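Asks: Enclosed is the structure file data24.pdb (PDB, C-alpha atoms, pLDDT in the B column).
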```pdb
MODEL        1
ATOM      1  CA  MET A   1    -107.715  78.919 -10.065  1.00 23.00           C
ATOM      2  CA  ILE A   2    -104.234  78.645  -8.640  1.00 25.00           C
ATOM      3  CA  GLY A   3    -103.033  81.486 -10.876  1.00 29.00           C
ATOM      4  CA  SER A   4    -105.455  83.909  -9.244  1.00 31.00           C
ATOM      5  CA  ARG A   5    -104.310  82.801  -5.756  1.00 36.00           C
ATOM      6  CA  LYS A   6    -107.723  81.300  -5.118  1.00 39.00           C
ATOM      7  CA  THR A   7    -108.062  77.698  -4.141  1.00 41.00           C
ATOM      8  CA  SER A   8    -110.730  75.237  -3.127  1.00 43.00           C
ATOM      9  CA  LEU A   9    -111.406  72.731  -0.411  1.00 40.00           C
ATOM     10  CA  TRP A  10    -113.693  69.739  -0.395  1.00 37.00           C
ATOM     11  CA  ALA A  11    -115.360  70.214   2.962  1.00 35.00           C
ATOM     12  CA  LEU A  12    -118.521  69.441   4.956  1.00 31.00           C
ATOM     13  CA  VAL A  13    -121.819  70.579   6.443  1.00 32.00           C
ATOM     14  CA  THR A  14    -121.498  74.152   7.595  1.00 29.00           C
ATOM     15  CA  LEU A  15    -123.154  77.433   8.321  1.00 30.00           C
ATOM     16  CA  ILE A  16    -119.947  79.183   9.225  1.00 38.00           C
ATOM     17  CA  ALA A  17    -116.580  78.318   7.740  1.00 49.00           C
ATOM     18  CA  GLY A  18    -113.183  79.835   8.076  1.00 53.00           C
ATOM     19  CA  LEU A  19    -109.589  79.089   7.351  1.00 54.00           C
ATOM     20  CA  ILE A  20    -107.511  80.188  10.329  1.00 55.00           C
ATOM     21  CA  LEU A  21    -103.847  80.755   9.612  1.00 51.00           C
ATOM     22  CA  ALA A  22    -101.015  81.536  11.992  1.00 50.00           C
ATOM     23  CA  LEU A  23     -98.596  83.561   9.903  1.00 48.00           C
ATOM     24  CA  GLY A  24     -95.047  84.619  10.550  1.00 46.00           C
ATOM     25  CA  LEU A  25     -92.891  87.131   8.747  1.00 39.00           C
ATOM     26  CA  GLY A  26     -89.438  85.818   8.037  1.00 35.00           C
ATOM     27  CA  GLY A  27     -86.872  85.142   5.360  1.00 33.00           C
ATOM     28  CA  ALA A  28     -87.033  82.341   2.854  1.00 33.00           C
ATOM     29  CA  GLY A  29     -84.809  80.220   5.102  1.00 31.00           C
ATOM     30  CA  ALA A  30     -87.207  80.268   8.044  1.00 29.00           C
ATOM     31  CA  GLY A  31     -87.864  76.672   9.045  1.00 29.00           C
ATOM     32  CA  PRO A  32     -89.830  74.955  11.804  1.00 32.00           C
ATOM     33  CA  LEU A  33     -87.371  76.058  14.505  1.00 30.00           C
ATOM     34  CA  ALA A  34     -87.559  79.696  13.390  1.00 30.00           C
ATOM     35  CA  GLU A  35     -91.344  79.431  13.263  1.00 37.00           C
ATOM     36  CA  GLU A  36     -91.434  78.079  16.797  1.00 35.00           C
ATOM     37  CA  GLN A  37     -89.091  80.796  18.067  1.00 34.00           C
ATOM     38  CA  ASP A  38     -91.101  83.499  16.298  1.00 45.00           C
ATOM     39  CA  ALA A  39     -94.342  82.108  17.732  1.00 45.00           C
ATOM     40  CA  LEU A  40     -92.901  82.249  21.242  1.00 49.00           C
ATOM     41  CA  SER A  41     -91.738  85.839  20.734  1.00 51.00           C
ATOM     42  CA  GLY A  42     -95.214  86.840  19.573  1.00 51.00           C
ATOM     43  CA  SER A  43     -94.307  87.807  16.002  1.00 62.00           C
ATOM     44  CA  PHE A  44     -96.995  85.567  14.513  1.00 71.00           C
ATOM     45  CA  GLN A  45    -100.411  86.862  13.652  1.00 76.00           C
ATOM     46  CA  THR A  46    -103.652  84.986  13.125  1.00 79.00           C
ATOM     47  CA  THR A  47    -105.585  85.603   9.919  1.00 82.00           C
ATOM     48  CA  LEU A  48    -109.160  84.424   9.350  1.00 82.00           C
ATOM     49  CA  LEU A  49    -110.160  83.817   5.748  1.00 83.00           C
ATOM     50  CA  SER A  50    -113.822  83.233   4.998  1.00 83.00           C
ATOM     51  CA  PRO A  51    -114.864  81.351   1.873  1.00 86.00           C
ATOM     52  CA  VAL A  52    -115.357  83.538  -1.198  1.00 88.00           C
ATOM     53  CA  ALA A  53    -117.540  80.887  -2.849  1.00 91.00           C
ATOM     54  CA  ASP A  54    -119.275  77.644  -1.926  1.00 91.00           C
ATOM     55  CA  THR A  55    -121.891  75.213  -3.118  1.00 93.00           C
ATOM     56  CA  THR A  56    -123.032  71.620  -2.617  1.00 93.00           C
ATOM     57  CA  LEU A  57    -122.580  68.840  -5.174  1.00 96.00           C
ATOM     58  CA  ASN A  58    -125.543  66.461  -4.864  1.00 96.00           C
ATOM     59  CA  SER A  59    -125.796  63.111  -6.707  1.00 96.00           C
ATOM     60  CA  TRP A  60    -129.545  62.851  -6.099  1.00 96.00           C
ATOM     61  CA  PHE A  61    -130.047  66.068  -8.109  1.00 98.00           C
ATOM     62  CA  PRO A  62    -127.042  65.938 -10.460  1.00 98.00           C
ATOM     63  CA  THR A  63    -127.921  68.991 -12.573  1.00 98.00           C
ATOM     64  CA  THR A  64    -129.040  71.283  -9.713  1.00 98.00           C
ATOM     65  CA  ASN A  65    -126.820  74.118  -8.516  1.00 97.00           C
ATOM     66  CA  TYR A  66    -126.979  74.987  -4.807  1.00 96.00           C
ATOM     67  CA  ASP A  67    -124.990  78.241  -4.816  1.00 94.00           C
ATOM     68  CA  SER A  68    -127.947  80.282  -3.526  1.00 91.00           C
ATOM     69  CA  GLN A  69    -128.571  77.970  -0.550  1.00 90.00           C
ATOM     70  CA  TRP A  70    -127.854  79.278   2.935  1.00 85.00           C
ATOM     71  CA  SER A  71    -126.170  76.092   4.162  1.00 86.00           C
ATOM     72  CA  LEU A  72    -124.047  73.326   2.697  1.00 87.00           C
ATOM     73  CA  VAL A  73    -124.793  69.608   2.824  1.00 89.00           C
ATOM     74  CA  LEU A  74    -122.646  66.549   3.388  1.00 88.00           C
ATOM     75  CA  ARG A  75    -124.248  63.134   3.068  1.00 89.00           C
ATOM     76  CA  SER A  76    -122.466  59.804   3.446  1.00 87.00           C
ATOM     77  CA  GLY A  77    -122.196  57.291   0.639  1.00 87.00           C
ATOM     78  CA  ASP A  78    -120.908  59.937  -1.787  1.00 88.00           C
ATOM     79  CA  VAL A  79    -124.417  61.414  -2.063  1.00 91.00           C
ATOM     80  CA  ALA A  80    -123.645  65.082  -1.323  1.00 92.00           C
ATOM     81  CA  SER A  81    -120.472  67.048  -0.688  1.00 91.00           C
ATOM     82  CA  PRO A  82    -119.842  70.742  -0.143  1.00 91.00           C
ATOM     83  CA  ILE A  83    -117.075  72.583  -1.936  1.00 92.00           C
ATOM     84  CA  LEU A  84    -115.484  75.819  -0.657  1.00 89.00           C
ATOM     85  CA  GLN A  85    -113.143  78.341  -2.244  1.00 89.00           C
ATOM     86  CA  PHE A  86    -110.767  80.647  -0.367  1.00 85.00           C
ATOM     87  CA  ASP A  87    -108.866  83.658  -1.697  1.00 84.00           C
ATOM     88  CA  LEU A  88    -105.322  83.394  -0.353  1.00 81.00           C
ATOM     89  CA  SER A  89    -104.090  86.694  -1.834  1.00 81.00           C
ATOM     90  CA  PRO A  90    -104.232  88.464   1.584  1.00 79.00           C
ATOM     91  CA  ILE A  91    -101.424  86.188   2.781  1.00 78.00           C
ATOM     92  CA  SER A  92     -99.321  85.946  -0.367  1.00 73.00           C
ATOM     93  CA  GLY A  93     -95.752  87.184  -0.409  1.00 68.00           C
ATOM     94  CA  ASN A  94     -92.265  85.809  -0.084  1.00 64.00           C
ATOM     95  CA  GLN A  95     -91.903  86.948   3.536  1.00 71.00           C
ATOM     96  CA  VAL A  96     -94.860  84.905   4.819  1.00 76.00           C
ATOM     97  CA  THR A  97     -94.452  81.601   6.646  1.00 78.00           C
ATOM     98  CA  ILE A  98     -97.498  79.537   7.538  1.00 82.00           C
ATOM     99  CA  ALA A  99     -96.967  78.111  11.011  1.00 82.00           C
ATOM    100  CA  ALA A 100    -100.397  76.475  11.192  1.00 84.00           C
ATOM    101  CA  ALA A 101    -103.634  76.416   9.213  1.00 85.00           C
ATOM    102  CA  THR A 102    -106.958  75.141  10.497  1.00 86.00           C
ATOM    103  CA  LEU A 103    -110.204  74.724   8.576  1.00 87.00           C
ATOM    104  CA  ARG A 104    -112.935  75.332  11.121  1.00 86.00           C
ATOM    105  CA  LEU A 105    -116.520  74.462  10.223  1.00 86.00           C
ATOM    106  CA  TYR A 106    -119.794  74.508  12.105  1.00 84.00           C
ATOM    107  CA  VAL A 107    -122.117  71.520  11.789  1.00 86.00           C
ATOM    108  CA  LYS A 108    -125.637  72.928  12.111  1.00 85.00           C
ATOM    109  CA  SER A 109    -127.425  69.606  12.398  1.00 85.00           C
ATOM    110  CA  ARG A 110    -127.550  65.998  11.276  1.00 84.00           C
ATOM    111  CA  THR A 111    -130.536  64.029  10.046  1.00 82.00           C
ATOM    112  CA  ASN A 112    -129.548  60.911  11.997  1.00 79.00           C
ATOM    113  CA  ALA A 113    -127.190  59.819  14.740  1.00 76.00           C
ATOM    114  CA  GLN A 114    -125.132  57.455  12.565  1.00 83.00           C
ATOM    115  CA  SER A 115    -121.382  58.080  12.555  1.00 85.00           C
ATOM    116  CA  LEU A 116    -120.287  60.538   9.865  1.00 86.00           C
ATOM    117  CA  THR A 117    -116.689  61.362   8.995  1.00 88.00           C
ATOM    118  CA  ALA A 118    -115.106  63.870   6.638  1.00 89.00           C
ATOM    119  CA  ALA A 119    -111.715  65.055   5.461  1.00 89.00           C
ATOM    120  CA  PRO A 120    -110.717  68.076   3.379  1.00 90.00           C
ATOM    121  CA  ALA A 121    -108.999  67.767  -0.005  1.00 90.00           C
ATOM    122  CA  LYS A 122    -107.645  70.370  -2.400  1.00 89.00           C
ATOM    123  CA  VAL A 123    -109.761  70.832  -5.526  1.00 91.00           C
ATOM    124  CA  ASN A 124    -107.551  70.930  -8.632  1.00 92.00           C
ATOM    125  CA  ARG A 125    -110.098  71.720 -11.350  1.00 95.00           C
ATOM    126  CA  PRO A 126    -111.328  75.337 -11.705  1.00 94.00           C
ATOM    127  CA  TRP A 127    -115.014  75.596 -10.812  1.00 95.00           C
ATOM    128  CA  THR A 128    -117.681  78.284 -10.532  1.00 96.00           C
ATOM    129  CA  ALA A 129    -119.999  78.243  -7.506  1.00 95.00           C
ATOM    130  CA  SER A 130    -123.000  79.598  -9.422  1.00 97.00           C
ATOM    131  CA  GLN A 131    -122.632  76.883 -12.102  1.00 98.00           C
ATOM    132  CA  ALA A 132    -121.168  73.812 -10.363  1.00 97.00           C
ATOM    133  CA  THR A 133    -123.330  70.701 -10.066  1.00 98.00           C
ATOM    134  CA  TRP A 134    -122.663  67.016  -9.430  1.00 98.00           C
ATOM    135  CA  VAL A 135    -121.878  66.708 -13.170  1.00 98.00           C
ATOM    136  CA  LYS A 136    -120.289  70.057 -14.061  1.00 98.00           C
ATOM    137  CA  ALA A 137    -117.465  72.167 -12.611  1.00 97.00           C
ATOM    138  CA  ASN A 138    -118.803  75.151 -14.576  1.00 97.00           C
ATOM    139  CA  SER A 139    -121.182  75.709 -17.472  1.00 97.00           C
ATOM    140  CA  THR A 140    -118.731  74.383 -20.083  1.00 98.00           C
ATOM    141  CA  THR A 141    -116.603  71.821 -18.202  1.00 98.00           C
ATOM    142  CA  ASN A 142    -117.663  68.515 -16.659  1.00 98.00           C
ATOM    143  CA  TRP A 143    -115.890  67.064 -13.649  1.00 97.00           C
ATOM    144  CA  ALA A 144    -113.575  64.258 -14.834  1.00 98.00           C
ATOM    145  CA  ALA A 145    -115.635  62.030 -12.510  1.00 97.00           C
ATOM    146  CA  ALA A 146    -119.053  63.153 -11.296  1.00 97.00           C
ATOM    147  CA  GLY A 147    -119.054  64.855  -7.901  1.00 96.00           C
ATOM    148  CA  CYS A 148    -115.469  66.133  -8.230  1.00 95.00           C
ATOM    149  CA  ASN A 149    -114.276  62.563  -7.618  1.00 94.00           C
ATOM    150  CA  SER A 150    -111.373  62.063 -10.023  1.00 96.00           C
ATOM    151  CA  VAL A 151    -108.000  62.013  -8.270  1.00 94.00           C
ATOM    152  CA  PRO A 152    -105.914  63.965  -9.287  1.00 94.00           C
ATOM    153  CA  ASP A 153    -107.856  65.521 -12.186  1.00 96.00           C
ATOM    154  CA  ASP A 154    -110.641  66.998 -10.038  1.00 95.00           C
ATOM    155  CA  ARG A 155    -109.111  66.905  -6.559  1.00 93.00           C
ATOM    156  CA  ASP A 156    -106.309  65.534  -4.425  1.00 91.00           C
ATOM    157  CA  ALA A 157    -106.849  62.350  -2.450  1.00 91.00           C
ATOM    158  CA  HIS A 158    -108.084  62.667   1.108  1.00 88.00           C
ATOM    159  CA  ASP A 159    -105.357  62.241   3.706  1.00 87.00           C
ATOM    160  CA  PRO A 160    -106.451  59.306   5.928  1.00 88.00           C
ATOM    161  CA  ALA A 161    -104.829  61.060   8.903  1.00 88.00           C
ATOM    162  CA  ALA A 162    -107.117  64.075   8.348  1.00 88.00           C
ATOM    163  CA  VAL A 163    -110.391  62.155   8.705  1.00 89.00           C
ATOM    164  CA  VAL A 164    -112.493  63.556  11.554  1.00 90.00           C
ATOM    165  CA  GLU A 165    -115.742  62.254  13.014  1.00 90.00           C
ATOM    166  CA  LEU A 166    -118.348  64.990  12.852  1.00 88.00           C
ATOM    167  CA  PRO A 167    -120.395  66.021  15.863  1.00 89.00           C
ATOM    168  CA  VAL A 168    -124.192  65.944  15.728  1.00 87.00           C
ATOM    169  CA  ALA A 169    -123.930  69.733  16.006  1.00 86.00           C
ATOM    170  CA  GLY A 170    -121.031  72.028  16.817  1.00 87.00           C
ATOM    171  CA  TRP A 171    -117.590  73.050  15.633  1.00 87.00           C
ATOM    172  CA  VAL A 172    -115.149  70.721  13.894  1.00 87.00           C
ATOM    173  CA  GLU A 173    -111.552  71.512  12.968  1.00 87.00           C
ATOM    174  CA  PHE A 174    -109.227  70.104  10.327  1.00 88.00           C
ATOM    175  CA  ASP A 175    -105.467  70.643  10.258  1.00 88.00           C
ATOM    176  CA  VAL A 176    -104.781  71.923   6.729  1.00 87.00           C
ATOM    177  CA  THR A 177    -101.291  73.293   7.406  1.00 86.00           C
ATOM    178  CA  ASP A 178     -99.540  71.289   4.680  1.00 88.00           C
ATOM    179  CA  MET A 179    -102.293  72.108   2.182  1.00 87.00           C
ATOM    180  CA  ALA A 180    -102.064  75.852   2.926  1.00 85.00           C
ATOM    181  CA  ARG A 181     -98.258  75.816   2.682  1.00 85.00           C
ATOM    182  CA  ASN A 182     -98.544  74.101  -0.701  1.00 85.00           C
ATOM    183  CA  TRP A 183    -101.037  76.743  -1.912  1.00 83.00           C
ATOM    184  CA  LEU A 184     -98.761  79.555  -0.797  1.00 80.00           C
ATOM    185  CA  ALA A 185     -95.729  77.981  -2.489  1.00 80.00           C
ATOM    186  CA  ASN A 186     -97.581  77.501  -5.777  1.00 78.00           C
TER     187      ASN A 186
ENDMDL
END
```
Can you dump the structure from the file as C-alpha coordinates?

Replies:
Amino acid sequence: MIGSRKTSLWALVTLIAGLILALGLGGAGAGPLAEEQDALSGSFQTTLLSPVADTTLNSWFPTTNYDSQWSLVLRSGDVASPILQFDLSPISGNQVTIAAATLRLYVKSRTNAQSLTAAPAKVNRPWTASQATWVKANSTTNWAAAGCNSVPDDRDAHDPAAVVELPVAGWVEFDVTDMARNWLAN
(Lines of atoms letter the chains of each structure in order from A and count residues from 1; the text may use other names and numbers.)
(Lines give C-alpha, C1' and ligand atoms only; values in the text may rest on other atoms or scores of the structure.)
Protein backbone atom coordinates (compact mmCIF):
# COMPACT_ATOMS: atom_id res chain seq x y z
CA MET A 1 0.00 0.00 0.00
CA ILE A 2 2.96 2.29 -0.48
CA GLY A 3 1.18 4.08 -3.34
CA SER A 4 -1.61 5.20 -1.02
CA ARG A 5 0.95 6.48 1.53
CA LYS A 6 -0.14 3.80 3.96
CA THR A 7 2.36 1.40 5.40
CA SER A 8 2.52 -1.42 7.90
CA LEU A 9 4.57 -2.47 10.87
CA TRP A 10 5.06 -5.88 12.38
CA ALA A 11 4.61 -5.04 16.04
CA LEU A 12 3.60 -6.49 19.42
CA VAL A 13 1.05 -6.83 22.21
CA THR A 14 -0.81 -3.58 22.61
CA LEU A 15 -3.92 -1.79 23.66
CA ILE A 16 -2.68 1.60 22.63
CA ALA A 17 -0.27 2.19 19.78
CA GLY A 18 1.10 5.28 18.19
CA LEU A 19 3.81 6.39 15.86
CA ILE A 20 5.35 9.57 17.24
CA LEU A 21 7.23 11.67 14.73
CA ALA A 22 9.32 14.78 15.27
CA LEU A 23 8.96 16.69 12.02
CA GLY A 24 10.82 19.67 10.68
CA LEU A 25 10.04 21.91 7.75
CA GLY A 26 13.05 22.54 5.58
CA GLY A 27 14.44 22.32 2.08
CA ALA A 28 15.47 19.15 0.35
CA GLY A 29 19.08 19.76 1.42
CA ALA A 30 18.30 19.72 5.13
CA GLY A 31 20.59 17.17 6.75
CA PRO A 32 21.25 16.00 10.31
CA LEU A 33 22.96 19.27 11.26
CA ALA A 34 20.05 21.35 9.97
CA GLU A 35 17.64 19.04 11.78
CA GLU A 36 19.54 19.49 15.02
CA GLN A 37 19.66 23.27 14.61
CA ASP A 38 15.95 23.40 13.77
CA ALA A 39 15.14 21.23 16.79
CA LEU A 40 17.06 23.58 19.06
CA SER A 41 15.26 26.61 17.62
CA GLY A 42 11.90 24.96 18.24
CA SER A 43 10.79 24.67 14.60
CA PHE A 44 10.05 20.95 14.94
CA GLN A 45 6.62 19.67 15.75
CA THR A 46 5.54 16.33 17.14
CA THR A 47 2.87 14.38 15.28
CA LEU A 48 1.09 11.34 16.72
CA LEU A 49 -0.25 8.85 14.20
CA SER A 50 -2.55 6.11 15.46
CA PRO A 51 -2.91 2.87 13.52
CA VAL A 52 -5.63 2.91 10.87
CA ALA A 53 -5.80 -0.90 10.86
CA ASP A 54 -4.50 -3.81 12.91
CA THR A 55 -4.98 -7.50 13.49
CA THR A 56 -3.17 -10.53 14.92
CA LEU A 57 -1.75 -13.37 12.83
CA ASN A 58 -2.04 -16.59 14.86
CA SER A 59 -0.50 -19.93 13.81
CA TRP A 60 -2.67 -21.91 16.23
CA PHE A 61 -5.78 -20.68 14.37
CA PRO A 62 -4.37 -20.12 10.87
CA THR A 63 -7.65 -19.27 9.13
CA THR A 64 -9.11 -17.01 11.87
CA ASN A 65 -9.17 -13.24 11.45
CA TYR A 66 -8.76 -11.15 14.60
CA ASP A 67 -9.62 -7.70 13.21
CA SER A 68 -12.61 -7.29 15.55
CA GLN A 69 -10.58 -8.06 18.69
CA TRP A 70 -9.94 -5.26 21.17
CA SER A 71 -6.29 -6.15 21.76
CA LEU A 72 -3.43 -7.62 19.78
CA VAL A 73 -1.38 -10.67 20.70
CA LEU A 74 2.31 -11.49 20.48
CA ARG A 75 3.44 -14.98 21.42
CA SER A 76 7.01 -16.27 21.25
CA GLY A 77 8.05 -19.13 19.01
CA ASP A 78 6.41 -17.52 15.97
CA VAL A 79 2.96 -18.47 17.31
CA ALA A 80 1.22 -15.07 17.12
CA SER A 81 2.22 -11.65 15.84
CA PRO A 82 0.31 -8.40 15.55
CA ILE A 83 0.40 -6.30 12.41
CA LEU A 84 -0.34 -2.55 12.32
CA GLN A 85 -0.94 -0.10 9.49
CA PHE A 86 -0.34 3.65 9.64
CA ASP A 87 -1.49 6.32 7.19
CA LEU A 88 1.48 8.62 6.60
CA SER A 89 -0.36 11.07 4.32
CA PRO A 90 -0.64 13.71 7.11
CA ILE A 91 3.15 14.08 7.01
CA SER A 92 3.80 13.74 3.29
CA GLY A 93 5.35 16.56 1.32
CA ASN A 94 8.73 17.60 0.02
CA GLN A 95 9.28 20.14 2.81
CA VAL A 96 9.05 17.58 5.63
CA THR A 97 12.10 16.16 7.39
CA ILE A 98 11.71 13.38 9.93
CA ALA A 99 14.07 14.08 12.81
CA ALA A 100 12.92 11.10 14.88
CA ALA A 101 10.18 8.47 14.80
CA THR A 102 9.19 6.27 17.72
CA LEU A 103 6.71 3.39 17.74
CA ARG A 104 5.22 3.41 21.22
CA LEU A 105 3.12 0.46 22.34
CA TYR A 106 1.44 -0.51 25.58
CA VAL A 107 1.81 -4.08 26.83
CA LYS A 108 -1.42 -4.83 28.70
CA SER A 109 -0.30 -8.10 30.23
CA ARG A 110 1.72 -11.26 29.77
CA THR A 111 0.68 -14.83 30.44
CA ASN A 112 4.03 -15.75 31.99
CA ALA A 113 7.17 -14.11 33.30
CA GLN A 114 9.51 -15.62 30.69
CA SER A 115 11.61 -13.13 28.73
CA LEU A 116 9.89 -11.87 25.58
CA THR A 117 11.50 -9.68 22.94
CA ALA A 118 10.17 -7.98 19.83
CA ALA A 119 11.30 -5.76 16.98
CA PRO A 120 9.31 -3.89 14.33
CA ALA A 121 9.67 -4.60 10.61
CA LYS A 122 8.11 -2.97 7.57
CA VAL A 123 5.44 -5.09 5.89
CA ASN A 124 5.94 -5.12 2.11
CA ARG A 125 2.88 -7.07 0.95
CA PRO A 126 -0.50 -5.26 0.83
CA TRP A 127 -2.89 -6.70 3.40
CA THR A 128 -6.43 -6.08 4.65
CA ALA A 129 -7.06 -6.11 8.41
CA SER A 130 -10.57 -7.56 8.10
CA GLN A 131 -9.28 -10.45 5.95
CA ALA A 132 -5.70 -11.16 7.08
CA THR A 133 -4.97 -14.48 8.78
CA TRP A 134 -1.84 -16.53 9.44
CA VAL A 135 -2.22 -17.89 5.87
CA LYS A 136 -3.67 -14.96 3.91
CA ALA A 137 -2.76 -11.28 3.49
CA ASN A 138 -6.27 -10.66 2.12
CA SER A 139 -9.11 -12.76 0.76
CA THR A 140 -7.34 -13.49 -2.55
CA THR A 141 -3.62 -13.40 -1.69
CA ASN A 142 -1.63 -15.74 0.56
CA TRP A 143 1.44 -14.57 2.43
CA ALA A 144 4.54 -15.84 0.59
CA ALA A 145 5.35 -17.61 3.88
CA ALA A 146 2.65 -18.15 6.50
CA GLY A 147 2.51 -15.49 9.21
CA CYS A 148 3.96 -12.75 6.98
CA ASN A 149 7.36 -14.44 7.34
CA SER A 150 8.94 -14.23 3.88
CA VAL A 151 11.77 -11.70 3.71
CA PRO A 152 11.56 -9.57 1.56
CA ASP A 153 8.33 -10.71 -0.14
CA ASP A 154 6.09 -10.25 2.91
CA ARG A 155 8.23 -8.03 5.15
CA ASP A 156 11.68 -6.61 5.74
CA ALA A 157 14.05 -8.39 8.09
CA HIS A 158 14.07 -7.34 11.72
CA ASP A 159 16.97 -5.08 12.64
CA PRO A 160 18.87 -6.88 15.44
CA ALA A 161 19.67 -3.48 16.97
CA ALA A 162 15.92 -2.76 17.28
CA VAL A 163 15.12 -5.79 19.45
CA VAL A 164 13.61 -4.72 22.78
CA GLU A 165 12.73 -6.83 25.81
CA LEU A 166 9.08 -6.33 26.64
CA PRO A 167 7.90 -5.43 30.13
CA VAL A 168 5.35 -7.61 31.92
CA ALA A 169 3.05 -4.60 31.57
CA GLY A 170 3.69 -1.01 30.54
CA TRP A 171 4.97 1.11 27.69
CA VAL A 172 7.67 0.02 25.25
CA GLU A 173 9.28 2.16 22.57
CA PHE A 174 11.01 1.30 19.31
CA ASP A 175 13.16 3.71 17.31
CA VAL A 176 11.71 3.54 13.78
CA THR A 177 13.34 6.72 12.46
CA ASP A 178 15.06 5.07 9.48
CA MET A 179 11.91 3.12 8.62
CA ALA A 180 9.75 6.28 8.69
CA ARG A 181 12.27 8.22 6.59
CA ASN A 182 12.23 5.41 4.03
CA TRP A 183 8.40 5.46 3.92
CA LEU A 184 8.37 9.21 3.40
CA ALA A 185 10.97 9.01 0.63
CA ASN A 186 9.07 6.28 -1.21

Asks: Let me make sure I understand: among A:Asp87, A:Glu165, A:Asp159, A:Asp154, which one has the smallest atom-to-atom distance to Trp183 in chain A if we use only C-alpha atoms?

Replies: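 Nearest candidate to Trp183 in chain A out of A:Asp87, A:Glu165, A:Asp159, A:Asp154: A:Asp87.
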
Asks: What does the distance from CA of Thr133 in chain A to CA of Leu184 in chain A come to in Å, to one decimal?

Replies: 27.7 Å

Asks: Find, counting only C-alpha atoms, the residue in A:Gln45, A:Asn58, A:Asn149, A:Thr102 that gets nearest to Ser81 in chain A.

Replies: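 Using only C-alpha atoms, the shortest distance to Ser81 in chain A belongs to A:Asn58.
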
Asks: Distance CA of Leu74 in chain A-CA of Arg181 in chain A, one decimal place?

Replies: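 Distance between the two atoms: 26.1 Å.
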
Asks: Which is closer to Thr141 in chain A than all the others in A:Ser89, A:Ser76, A:Gln69, A:Thr128, using all atoms listed in the file?

Replies: A:Thr128

Asks: In Å, how far is it from CA of Trp127 in chain A to CA of Arg104 in chain A?

Replies: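 Computing the Euclidean distance for CA of Trp127 in chain A and CA of Arg104 in chain A yields 22.0 Å.
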
Asks: Which residues would end up in the selection if the PyMOL selection byres ((chain A and resi 153) around 9) were applied here, given that I need the answer as a count of residues only?

Replies: 14

Asks: Could you write out as a list in words the residues that the PyMOL selection byres ((chain A and resi 63) around 10) matches in the shown file?

Replies: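 Checking the PyMOL selection byres ((chain A and resi 63) around 10) against this file, the residues are Leu57, Asn58, Ser59, Trp60, Phe61, Pro62, Thr64, Asn65, Tyr66, Gln131, Ala132, Thr133, Trp134, Val135 and Lys136 of chain A.
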
Asks: Using C-alpha atoms, can you write the selected residues to a file as a PDB file, in the frame of the given file?

Replies:
```pdb
ATOM      1  CA  LEU A  57    -122.580  68.840  -5.174  1.00 96.00           C
ATOM      2  CA  ASN A  58    -125.543  66.461  -4.864  1.00 96.00           C
ATOM      3  CA  SER A  59    -125.796  63.111  -6.707  1.00 96.00           C
ATOM      4  CA  TRP A  60    -129.545  62.851  -6.099  1.00 96.00           C
ATOM      5  CA  PHE A  61    -130.047  66.068  -8.109  1.00 98.00           C
ATOM      6  CA  PRO A  62    -127.042  65.938 -10.460  1.00 98.00           C
ATOM      7  CA  THR A  64    -129.040  71.283  -9.713  1.00 98.00           C
ATOM      8  CA  ASN A  65    -126.820  74.118  -8.516  1.00 97.00           C
ATOM      9  CA  TYR A  66    -126.979  74.987  -4.807  1.00 96.00           C
ATOM     10  CA  GLN A 131    -122.632  76.883 -12.102  1.00 98.00           C
ATOM     11  CA  ALA A 132    -121.168  73.812 -10.363  1.00 97.00           C
ATOM     12  CA  THR A 133    -123.330  70.701 -10.066  1.00 98.00           C
ATOM     13  CA  TRP A 134    -122.663  67.016  -9.430  1.00 98.00           C
ATOM     14  CA  VAL A 135    -121.878  66.708 -13.170  1.00 98.00           C
ATOM     15  CA  LYS A 136    -120.289  70.057 -14.061  1.00 98.00           C
TER      16      LYS A 136
END
```

Asks: Report as a ChimeraX atom specification the residues that result from applying the PyMOL selection byres ((chain A and resi 178) around 12) to the structure here.

Replies: /A:21,97-103,120-122,159,162,174-177,179-185

Asks: Rank A:Asn186, A:Ser71, A:Asn142, A:Gln95 by their smallest atom-to-atom distance to Ser109 in chain A, using all atoms listed in the file, and report the top residue only.

Replies: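 Answer, going by the shortest atom-to-atom distance: A:Ser71.
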